Amino acid sequence: MTLRKSFAAAIVFGCAALSACGGGSSEGQDHSMHMQHGGDQAGGGMQMNMGDANATPAKDVQGAQLRTNPFTLLPTRAPGTDQAAGSAWMAIHPGGTTVTLEMTGLAPNGKYMAHVHAKPCAEEAGGEHFKFDPAGSEMPPNEIHLAFTADATGRGFMTAENDKPAEAAKSLVVHPAEFTDNRIACADL
């Protein structure tokens, strides 16, 4: 992929992340970022941790308070995602928060986003994104985002880390990266 195409892909993916799950307006924010998910760099600026598939999964974090649940399909899910299933884990530990998701039944090679949310799944399908500072940014590190691509069999896996404890977080919501209103599934944390 050429540098220009890589840059364009980073911008499109970043814009999807900004509006994902009704995250609100991004007006007036600096969106220059290094996306750890794909390693694309769209300028110098802030680090946007969208996950690291090689990080220690939440269920393996030593000494953590572990929360886990399976995903429940949501009525807003995109067509073709009726077979999506999996689990989410959130570890609260002295170093902050680690969130991991593992799913099957996704579109092969499809791009997805997941966000930690402020409400349980039964309330407004998770409601708005969980923010460490409610008046702060809609981007990491003030929110926890996981960006991932399913493999050729439709399996998806990602872990994201944050150096703050997300005690008040209630759920993890997954949706296709390009269709942010089509929440596929939610897991209570």
# chains A, B, ... in the order shown; residues from 1 in each chain; ligands from 1
call {"tool": "residues_around", "arguments": {"residues": "stretch 110-124 of chain A", "least_positions_apart": "4", "cutoff": "8 Å", "atoms": "only C-alpha atoms", "output": "number ranges by chain"}}
result
A: 17, 20-21, 106, 128-131, 143-151, 154, 168-178, 186-189
call {"tool": "residues_around", "arguments": {"residues": "A:Ala55", "least_positions_apart": "6", "cutoff": "12 Å", "atoms": "only C-alpha atoms", "output": "ChimeraX atom specification"}}
result
/A:36-37,49,61,98-100,157-162
call {"tool": "atom_distance", "arguments": {"atom1": "atom CA of A:Gly156", "atom2": "atom CA of A:Gly95"}}
result
25.3 Å
call {"tool": "residues_around", "arguments": {"residues": "A:Thr68", "least_positions_apart": "5", "cutoff": "7 Å", "atoms": "only C-alpha atoms", "output": "ChimeraX atom specification"}}
result
/A:88-90,189
call {"tool": "atom_distance", "arguments": {"atom1": "atom CA of A:Arg67", "atom2": "atom CA of A:Ala166"}}
result
11.4 Å
call {"tool": "atom_distance", "arguments": {"atom1": "atom CA of A:Thr56", "atom2": "atom CA of A:Gly127"}}
result
27.8 Å
call {"tool": "residues_around", "arguments": {"residues": "A:His93", "least_positions_apart": "2", "cutoff": "10 Å", "atoms": "only C-alpha atoms", "output": "JSON, numbers by chain"}}
result
{"A": [58, 61, 62, 63, 64, 65, 66, 90, 91, 95, 96, 97, 98, 163, 164, 165, 166]}
call {"tool": "write_last_selection", "arguments": {"atoms": "N, CA and C atoms", "output": "short mmCIF file (atom, residue, chain, number, x, y, z; two decimals), in the first residue's frame"}}
result
data_model
loop_
_atom_site.label_atom_id
_atom_site.label_comp_id
_atom_site.auth_asym_id
_atom_site.auth_seq_id
_atom_site.Cartn_x
_atom_site.Cartn_y
_atom_site.Cartn_z
N ALA A 58 -6.82 -9.49 29.23
CA ALA A 58 -7.36 -9.12 30.54
C ALA A 58 -7.47 -10.32 31.48
N VAL A 61 -4.18 -11.01 33.40
CA VAL A 61 -3.51 -9.98 34.19
C VAL A 61 -3.51 -10.43 35.65
N GLN A 62 -2.32 -10.52 36.23
CA GLN A 62 -2.17 -10.99 37.61
C GLN A 62 -2.69 -9.94 38.60
N GLY A 63 -3.35 -10.41 39.65
CA GLY A 63 -3.81 -9.55 40.73
C GLY A 63 -4.91 -8.58 40.36
N ALA A 64 -5.66 -8.86 39.30
CA ALA A 64 -6.69 -7.95 38.83
C ALA A 64 -8.07 -8.35 39.33
N GLN A 65 -8.94 -7.36 39.43
CA GLN A 65 -10.36 -7.60 39.62
C GLN A 65 -10.90 -7.86 38.21
N LEU A 66 -11.36 -9.07 37.94
CA LEU A 66 -11.77 -9.45 36.59
C LEU A 66 -13.27 -9.46 36.44
N MET A 90 -12.74 -7.50 31.34
CA MET A 90 -12.13 -6.25 31.78
C MET A 90 -11.43 -6.52 33.11
N ALA A 91 -10.15 -6.18 33.15
CA ALA A 91 -9.35 -6.35 34.36
C ALA A 91 -9.02 -4.97 34.92
N GLY A 95 -2.12 -1.12 37.67
CA GLY A 95 -1.61 -0.38 36.52
C GLY A 95 -2.70 0.27 35.69
N GLY A 96 -3.98 0.07 36.03
CA GLY A 96 -5.08 0.68 35.28
C GLY A 96 -6.14 -0.33 34.88
N THR A 97 -6.47 -0.34 33.58
CA THR A 97 -7.54 -1.18 33.05
C THR A 97 -7.05 -1.88 31.79
N THR A 98 -7.38 -3.16 31.67
CA THR A 98 -7.12 -3.93 30.45
C THR A 98 -8.44 -4.53 29.99
N ASP A 163 -4.03 3.40 31.53
CA ASP A 163 -3.35 3.49 32.81
C ASP A 163 -4.23 3.98 33.96
N LYS A 164 -5.56 4.13 33.70
CA LYS A 164 -6.50 4.53 34.76
C LYS A 164 -7.48 3.38 35.01
N PRO A 165 -7.94 3.22 36.26
CA PRO A 165 -8.96 2.19 36.53
C PRO A 165 -10.35 2.65 36.08
N ALA A 166 -11.01 1.85 35.28
CA ALA A 166 -12.34 2.18 34.75
C ALA A 166 -13.41 1.53 35.62
#
